[in-house]
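Input: a single structure, listed below in structure tokens.
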Amino acid sequence: MRDPGSTEHTELAIPAWPDFLFLVRLHVGAVASRMDMTVQEIEDLHLAVDELCLSLLGPAEPPRGRLEVSVTWDDEALDVRCRLSGNDSATAALDPIAGRILTALVDEHGLTADEGAPVAWLRKRREALRPAP
Amino acid sequence: MSEPGRRAGRSDPRQALIESHLGLANHLARRFSDRGEAHEDLVQAAYLALVKAADRFDPSLGFEFSTYATRVILGELKHHFRDTGWAVRAPRQVQELYLEVNRAVSDLTQRLGRSPTVPEIADACRRRPDEVLAAMEAGRAYRATSLETPTESGAPLHDHVPTRERPDAVLEDRSELWSYLQRLSADDRELLRLRFVDELSQLEIAKRLGVSQMQVSRLLRRALDTLRDAYRSGS
């Protein structure tokens, strides 16, 4: 069990191919469930992770490179960071619609670069368990 | 398919709001298109949700329309899948687990007054949390039935339903349609009204009538077959 107040971290690397995104969804969903996020929050995260990863993968055929996904969480929030490595031609670009969707689903999101590789990230804060109004 | 904002010549801010977010609706529909349902049906559901969002949006709440619309459209698309059944390709064990988890989600949501957590669902189903997560993921992958259900004639159910994208299926003359509808029982007419005028899902109709979704499916099929036969025979 994680100590209260501490931060935990998991990593997963997959071929940069949309068919493998189910592993990312399972990975993120498993962590979110350990944080006691609700099914609604987890479904939102699944959709958000798809948007995030697909913004990196783009329509490239055949897929190139690997997608490195790290998930960090503490008592308050869960952070997902996706880095596309091994694809020199990759550029990080979030189309406006994907941006709107992420804005609706998570608390923060963005794009950055790490040693020349594009990185997309998101943060979702855990909601307190409370009855719907 | 006709787009909702272009109907009926409504030139108002609502129409502009809808038209400027059709791309969002299309994009969200595509995100669900790997789950076996016809893309056109998903786009239709997303467009309808967009219209609902435009009707209900309250700018005084302080967030952008796109944020609100995304929530409404996603809710509608998820609802669309939850209300539909399974195709034969899903292994029975997976179907059962998925249905068990969905039932638990519904029960717990009602009992707790909020969305349940995975451990709560696992407890209710006497399953492990990873099985619940696997069921959630599996639910994405399998083909839904709904209007794809073959009728006795062999054609899918939706072939019998007039829609905007199949104008040849639309009965133009309302008085003629009325005469055919009169050949149905009052119950069947009510069923068609609930499904195609009020646009309730099969599950919503089932709850309202106190029957199972499968019964609603069968009753709809029978009513549509009767209507089609009457129309073709011109009687």
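Here, A, B, ... name the chains of the structure tokens in the order displayed, residue numbers run from 1 inside each chain, and ligands are numbered from 1 in the same displayed order.
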
Worksheet item: Got a sec to pull out which chain B residues are within 6 Å of chain A, counting only C-alpha atoms, and send them as a PyMOL selection string?
Response: chain B and resi 24+67+113-118

Practice prompt. List every residue of chain A that DSSP, applied to the backbone, labels as strand (DSSP E or B), and write the result as a VMD selection string.
Written response: chain A and resid 8 to 15 38 66 to 73 77 to 85 108 to 114 117 to 125

Fill in: Selected residue of minimal separation from A:Gly116 among A:Gly99, A:Pro15, A:Gly5, A:Gly86, counting only C-alpha atoms
A:Gly86

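You will find atom CA of B:Leu97 at 8.0 Å from atom CA of B:Val132.
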
Worksheet entry | Between atom CA of A:Arg123 and atom CA of B:Asp123, distance in Å (one decimal) | 28.2 Å

Worksheet, complete the sentence: Here atom CA of B:His39 and atom CA of B:Leu22 stand apart by 14.8 Å

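Of the residues listed (A:His109, A:Val49, A:Arg126, A:Glu8), A:Arg126 shows the shortest atom-to-atom separation from A:Glu76; distances use only C-alpha atoms.
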
Polymer residues at most 12 Å from B:Lys78, only C-alpha atoms, same-chain spacing of 5 or more positions, as a PDB file with N, CA and C atoms, in the first residue's frame:
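That gives us out03.pdb:
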```
ATOM      1  N   GLN A  40     -17.225   6.820 -13.611  1.00  0.00           N
ATOM      2  CA  GLN A  40     -17.381   7.978 -14.493  1.00  0.00           C
ATOM      3  C   GLN A  40     -16.030   8.659 -14.739  1.00  0.00           C
ATOM      4  N   GLU A  43     -13.882   6.389 -16.946  1.00  0.00           N
ATOM      5  CA  GLU A  43     -14.284   6.441 -18.361  1.00  0.00           C
ATOM      6  C   GLU A  43     -13.815   7.741 -19.005  1.00  0.00           C
ATOM      7  N   ASP A  44     -13.887   8.827 -18.267  1.00  0.00           N
ATOM      8  CA  ASP A  44     -13.373  10.101 -18.784  1.00  0.00           C
ATOM      9  C   ASP A  44     -11.873   9.994 -19.057  1.00  0.00           C
ATOM     10  N   LEU A  47     -11.096   8.067 -22.257  1.00  0.00           N
ATOM     11  CA  LEU A  47     -11.286   8.890 -23.461  1.00  0.00           C
ATOM     12  C   LEU A  47     -10.182   9.934 -23.583  1.00  0.00           C
TER      13      LEU A  47
ATOM     14  N   LEU B  28     -16.013  13.345 -31.794  1.00  0.00           N
ATOM     15  CA  LEU B  28     -16.370  12.457 -30.681  1.00  0.00           C
ATOM     16  C   LEU B  28     -17.007  11.169 -31.195  1.00  0.00           C
ATOM     17  N   ALA B  29     -17.833  11.283 -32.237  1.00  0.00           N
ATOM     18  CA  ALA B  29     -18.452  10.070 -32.796  1.00  0.00           C
ATOM     19  C   ALA B  29     -17.374   9.125 -33.322  1.00  0.00           C
ATOM     20  N   ARG B  31     -14.480   8.720 -32.156  1.00  0.00           N
ATOM     21  CA  ARG B  31     -13.792   8.073 -31.035  1.00  0.00           C
ATOM     22  C   ARG B  31     -14.517   6.791 -30.594  1.00  0.00           C
ATOM     23  N   PHE B  32     -15.768   6.666 -30.968  1.00  0.00           N
ATOM     24  CA  PHE B  32     -16.539   5.476 -30.585  1.00  0.00           C
ATOM     25  C   PHE B  32     -16.731   4.527 -31.765  1.00  0.00           C
ATOM     26  N   SER B  33     -16.126   4.874 -32.893  1.00  0.00           N
ATOM     27  CA  SER B  33     -16.468   4.137 -34.108  1.00  0.00           C
ATOM     28  C   SER B  33     -15.754   2.793 -34.218  1.00  0.00           C
ATOM     29  N   ARG B  35     -16.151   0.480 -32.134  1.00  0.00           N
ATOM     30  CA  ARG B  35     -16.887  -0.425 -31.248  1.00  0.00           C
ATOM     31  C   ARG B  35     -18.000  -1.160 -31.964  1.00  0.00           C
ATOM     32  N   GLU B  37     -20.520  -0.171 -33.923  1.00  0.00           N
ATOM     33  CA  GLU B  37     -21.778   0.474 -34.317  1.00  0.00           C
ATOM     34  C   GLU B  37     -21.538   1.280 -35.594  1.00  0.00           C
ATOM     35  N   LEU B  42     -23.700   6.795 -34.979  1.00  0.00           N
ATOM     36  CA  LEU B  42     -23.005   7.508 -33.914  1.00  0.00           C
ATOM     37  C   LEU B  42     -23.019   9.010 -34.182  1.00  0.00           C
ATOM     38  N   ALA B  45     -26.371  10.298 -33.314  1.00  0.00           N
ATOM     39  CA  ALA B  45     -26.530  10.427 -31.852  1.00  0.00           C
ATOM     40  C   ALA B  45     -25.765  11.650 -31.350  1.00  0.00           C
ATOM     41  N   ALA B  46     -24.575  11.858 -31.908  1.00  0.00           N
ATOM     42  CA  ALA B  46     -23.757  12.995 -31.466  1.00  0.00           C
ATOM     43  C   ALA B  46     -24.408  14.318 -31.868  1.00  0.00           C
ATOM     44  N   ALA B  49     -27.304  15.033 -29.599  1.00  0.00           N
ATOM     45  CA  ALA B  49     -26.811  15.477 -28.296  1.00  0.00           C
ATOM     46  C   ALA B  49     -26.334  16.929 -28.379  1.00  0.00           C
ATOM     47  N   ARG B  71     -19.401  17.091 -22.753  1.00  0.00           N
ATOM     48  CA  ARG B  71     -19.953  16.223 -21.710  1.00  0.00           C
ATOM     49  C   ARG B  71     -21.284  15.616 -22.161  1.00  0.00           C
ATOM     50  N   VAL B  72     -22.121  16.453 -22.756  1.00  0.00           N
ATOM     51  CA  VAL B  72     -23.443  15.968 -23.165  1.00  0.00           C
ATOM     52  C   VAL B  72     -23.303  14.934 -24.283  1.00  0.00           C
ATOM     53  N   ILE B  73     -22.444  15.217 -25.259  1.00  0.00           N
ATOM     54  CA  ILE B  73     -22.294  14.296 -26.398  1.00  0.00           C
ATOM     55  C   ILE B  73     -21.691  12.971 -25.923  1.00  0.00           C
ATOM     56  N   ASP B  83     -27.235   0.931 -23.945  1.00  0.00           N
ATOM     57  CA  ASP B  83     -28.616   0.518 -24.181  1.00  0.00           C
ATOM     58  C   ASP B  83     -28.732  -0.583 -25.208  1.00  0.00           C
ATOM     59  N   THR B  84     -27.682  -0.859 -25.916  1.00  0.00           N
ATOM     60  CA  THR B  84     -27.785  -1.840 -26.979  1.00  0.00           C
ATOM     61  C   THR B  84     -27.195  -3.172 -26.529  1.00  0.00           C
ATOM     62  N   ASN B 102     -22.256  -3.874 -15.658  1.00  0.00           N
ATOM     63  CA  ASN B 102     -23.163  -2.768 -15.999  1.00  0.00           C
ATOM     64  C   ASN B 102     -24.355  -2.711 -15.062  1.00  0.00           C
ATOM     65  N   MET B 136     -14.847  -3.405 -18.392  1.00  0.00           N
ATOM     66  CA  MET B 136     -15.056  -2.060 -18.941  1.00  0.00           C
ATOM     67  C   MET B 136     -14.359  -1.923 -20.290  1.00  0.00           C
ATOM     68  N   GLY B 139     -16.044  -4.035 -23.002  1.00  0.00           N
ATOM     69  CA  GLY B 139     -17.286  -3.434 -23.474  1.00  0.00           C
ATOM     70  C   GLY B 139     -17.083  -2.506 -24.653  1.00  0.00           C
ATOM     71  N   ARG B 140     -15.879  -2.001 -24.823  1.00  0.00           N
ATOM     72  CA  ARG B 140     -15.593  -1.123 -25.962  1.00  0.00           C
ATOM     73  C   ARG B 140     -15.526  -1.902 -27.257  1.00  0.00           C
ATOM     74  N   ALA B 144     -22.332  -3.727 -31.012  1.00  0.00           N
ATOM     75  CA  ALA B 144     -23.674  -3.609 -30.444  1.00  0.00           C
ATOM     76  C   ALA B 144     -24.706  -4.004 -31.490  1.00  0.00           C
TER      77      ALA B 144
END
```

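Considering only C-alpha atoms, the residue among A:Trp73, A:Asp114, A:Arg64, A:Val106 positioned nearest to A:Pro4 is A:Trp73.
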
Discussion item. Can you pull out the residues contacting A:Gly58? Cut-off 12 Å, using only C-alpha atoms, and skip same-chain residues under 6 positions away; I want them as an NGL selection string.
Written reply: :A and (16-18 or 50-52 or 64 or 84 or 87 or 89-95 or 118)
